[in-house]
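**Student:** Here it is, the structure, as structure tokens.
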Amino acid sequence: MIFAFRYIKDPVDYLIYLIFTLVAVTISLVLHEVAHGLVAKWNGDYTAKYEGRLTLNPLKHFDLIGFIMMMLIGFGYAKPVPVNPYNFKHRTRGQVLVSIAGVVTNLILAFLAALLYCLMYFAFVQAVGNGASAAGINTCMYLANFFELLGSINLSLVFFNILPFYPLDGFRLIESLTKRGNKFCSFMRINGRYILWGLVGLSFVVSVARDYVPTLPYWFEYIDVLGTYLNFFVGHLNWVFVQFWSLMF
């Protein structure tokens, strides 16, 4: 949002972009966490249900720091759904399924968002070609932008959360598949959060430097390891999704 504020000069367009981002982030984070809770319930753990987390009410899933990260930088998290693996009917299977539930949900949302983006883009082209009113053309354009943003945010959540750093889903998955108390998981439980914050901080610093110091060499952006990783995979997978649905138009 910081960089959008600099580049979007029209206050109305910026307000629309702000609302779109808020809605897309809320949808993505809430469904991610609800998916964790539902899969935990299906595997025998009702902790999330008893604590009122199987709800679409965003306030129940709100985490201030994770939400601000998502709005400002493009990747973040919600308040983790409570899970007690000792309640699972099959512990390892339950842990694995709960670990991947959130990212699978975001992946499905990104896939569907690509479809809706293609539909709106097709409608936009048709509206322009048929001489539709400015209101109709703008509506199609704004909706296409929203679904493009929704897809990118969901893919960012996918590739961010599969990283093997505590407390992300990637770490939970590794922990569920490896020997309890192994050195990697023990190290990550202690240091993973700090590594993650370091990568996020580096990403922010590099983004600011690139934005305000135009004379930096081209390779400087690759110092942002997290941003480079996300941009590559989010961009390429989003392109694949859009190309897939474009075949139908």
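Residue numbers start at 1 in each chain; chains themselves are named A, B, ... in the order of the structure tokens; ligands are numbered from 1 in the order shown.
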Quick one: everything within 10 Å of Tyr142 in chain A, counting only C-alpha atoms, minus sequence neighbours fewer than 2 positions away in the same chain. Send it as a PyMOL selection string.

**Tutor:** chain A and resi 13+16-17+20+120-121+124+137-140+144-148

**Student:** Please, which residues in range 156-210 of chain A fall within 8 Å of range 86-100 of chain A when counting only C-alpha atoms, and what is the closest atom pair and distance in Å to one decimal for each, ordered by chain then residue number, as CSV?

**Tutor:**
```
residue,atom,partner,partner_atom,distance
A:Asp169,CA,A:Ser99,CA,5.3
A:Gly170,CA,A:Ser99,CA,7.3
A:Arg172,CA,A:Ser99,CA,5.8
A:Leu173,CA,A:Ser99,CA,5.4
A:Ser176,CA,A:Gln95,CA,5.8
A:Leu177,CA,A:Thr92,CA,7.2
```

**Student:** Mind writing the picked residues with N, CA and C atoms as a CSV table (one decimal), in the first residue's frame?

**Tutor:**
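Result went into out_2.csv, see below:
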```csv
chain,number,residue,atom,x,y,z
A,169,ASP,N,3.1,-22.9,7.8
A,169,ASP,CA,2.5,-24.2,7.5
A,169,ASP,C,3.6,-25.1,7.0
A,170,GLY,N,4.6,-24.6,6.3
A,170,GLY,CA,5.7,-25.5,5.8
A,170,GLY,C,6.4,-26.1,6.9
A,172,ARG,N,5.1,-26.7,9.9
A,172,ARG,CA,4.2,-27.7,10.6
A,172,ARG,C,4.2,-29.0,9.8
A,173,LEU,N,4.3,-28.9,8.5
A,173,LEU,CA,4.3,-30.1,7.6
A,173,LEU,C,5.6,-30.9,7.9
A,176,SER,N,5.5,-32.6,11.2
A,176,SER,CA,4.6,-33.8,11.3
A,176,SER,C,5.2,-35.0,10.6
A,177,LEU,N,6.1,-34.8,9.7
A,177,LEU,CA,6.6,-35.9,8.9
A,177,LEU,C,8.0,-36.4,9.4
```

**Student:** Looking at A:Ser28, A:Asn130, A:Thr215, A:Ser152, which one is nearest to Val242 in chain A, with distances taken over only C-alpha atoms?

**Tutor:**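 For Val242 in chain A, the nearest of the candidates is A:Ser152.
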
**Student:** Give the answer as one residue: which of A:Asn106, A:Asn43, A:Thr55, A:Thr21 has the shortest atom-to-atom distance to Ile162 in chain A, using only C-alpha atoms?

**Tutor:** A:Asn106

**Student:** List every residue of range 60-245 of chain A that DSSP, applied to the backbone of this structure, places in alpha helix (DSSP H), and write the result as an MDAnalysis selection string.

**Tutor:** chainID A and resid 64:72 91:129 134:161 169:177 183:212 225:245

**Student:** Extract, using only C-alpha atoms, all DNA, RNA and protein residues at most 9 Å from Leu31 in chain A, discarding same-chain residues fewer than 4 positions from it, and format them as a short mmCIF file (atom, residue, chain, number, x, y, z; two decimals) with C-alpha atoms, in the first residue's frame.

**Tutor:**
```cif
data_model
loop_
_atom_site.label_atom_id
_atom_site.label_comp_id
_atom_site.auth_asym_id
_atom_site.auth_seq_id
_atom_site.Cartn_x
_atom_site.Cartn_y
_atom_site.Cartn_z
CA THR A 26 -9.71 -10.54 4.46
CA ILE A 27 -11.18 -13.24 2.21
CA ALA A 35 -9.77 -24.44 6.33
CA HIS A 36 -7.27 -25.41 9.04
CA LEU A 56 -16.24 -16.35 8.54
CA GLY A 102 -4.75 -23.50 4.32
CA THR A 105 -7.55 -23.46 -0.02
CA ASN A 106 -5.55 -20.42 -1.16
#
```

**Student:** Counting only C-alpha atoms, what is within 7 Å of Tyr77 in chain A, bar same-chain residues fewer than 4 positions away, as a ChimeraX atom specification?

**Tutor:** /A:29,66-67

**Student:** Could those selected residues go to a file with N, CA and C atoms, as a PDB file, in the first residue's frame?

**Tutor:**
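Output (out02.pdb):
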```
ATOM      1  N   LEU A  29      -7.208 -14.562   4.058  1.00  0.00           N
ATOM      2  CA  LEU A  29      -6.742 -14.975   5.379  1.00  0.00           C
ATOM      3  C   LEU A  29      -7.811 -15.750   6.147  1.00  0.00           C
ATOM      4  N   GLY A  66       0.218  -9.497  11.425  1.00  0.00           N
ATOM      5  CA  GLY A  66       0.083 -10.235  10.177  1.00  0.00           C
ATOM      6  C   GLY A  66      -0.771  -9.497   9.167  1.00  0.00           C
ATOM      7  N   PHE A  67      -1.818  -8.822   9.648  1.00  0.00           N
ATOM      8  CA  PHE A  67      -2.692  -8.079   8.742  1.00  0.00           C
ATOM      9  C   PHE A  67      -1.978  -6.868   8.158  1.00  0.00           C
TER      10      PHE A  67
END
```

**Student:** Calculated over only C-alpha atoms, which of the candidates A:Met188, A:Val128, A:Ile223, A:Leu15 has the smallest distance to Val205 in chain A?

**Tutor:**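 Ranking A:Met188, A:Val128, A:Ile223, A:Leu15 by distance to Val205 in chain A, first place goes to A:Ile223.
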
**Student:** Go ahead and compute the interatomic distance for CA of Asp211 in chain A and CA of Leu149 in chain A, in Å to one decimal.

**Tutor:**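 Straight-line distance from CA of Asp211 in chain A to CA of Leu149 in chain A works out to 20.9 Å.
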
**Student:** With distances taken over only C-alpha atoms, which residue among A:Ala135, A:Leu226, A:Leu143, A:Ala114 lies nearest Phe160 in chain A?

**Tutor:**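 The shortest atom-to-atom distance to Phe160 in chain A comes from A:Leu226.
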
**Student:** Return the single residue from A:Gly129, A:Arg53, A:Met141, A:Leu22 that is closest to Val34 in chain A, with distances computed using only C-alpha atoms.

**Tutor:**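 Of A:Gly129, A:Arg53, A:Met141, A:Leu22, the one nearest Val34 in chain A is A:Arg53, counting only C-alpha atoms.
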
**Student:** Tell me which protein, DNA and RNA residues are within 9 Å of Ser203 in chain A, counting only C-alpha atoms, leaving out same-chain ones fewer than 3 positions away, and put them as a ChimeraX atom specification.

**Tutor:** /A:73,198-200,206-208,221,223-228

**Student:** Quick check, in Å to one decimal: how far apart do CA of Met69 in chain A and CA of Phe220 in chain A lie?

**Tutor:**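 CA of Phe220 in chain A lies at a distance of 22.4 Å from CA of Met69 in chain A.
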
**Student:** As an exercise, work out the distance from CA of Tyr14 in chain A to CA of Tyr212 in chain A in Å and give it to one decimal place.

**Tutor:**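 It comes out at 20.2 Å.
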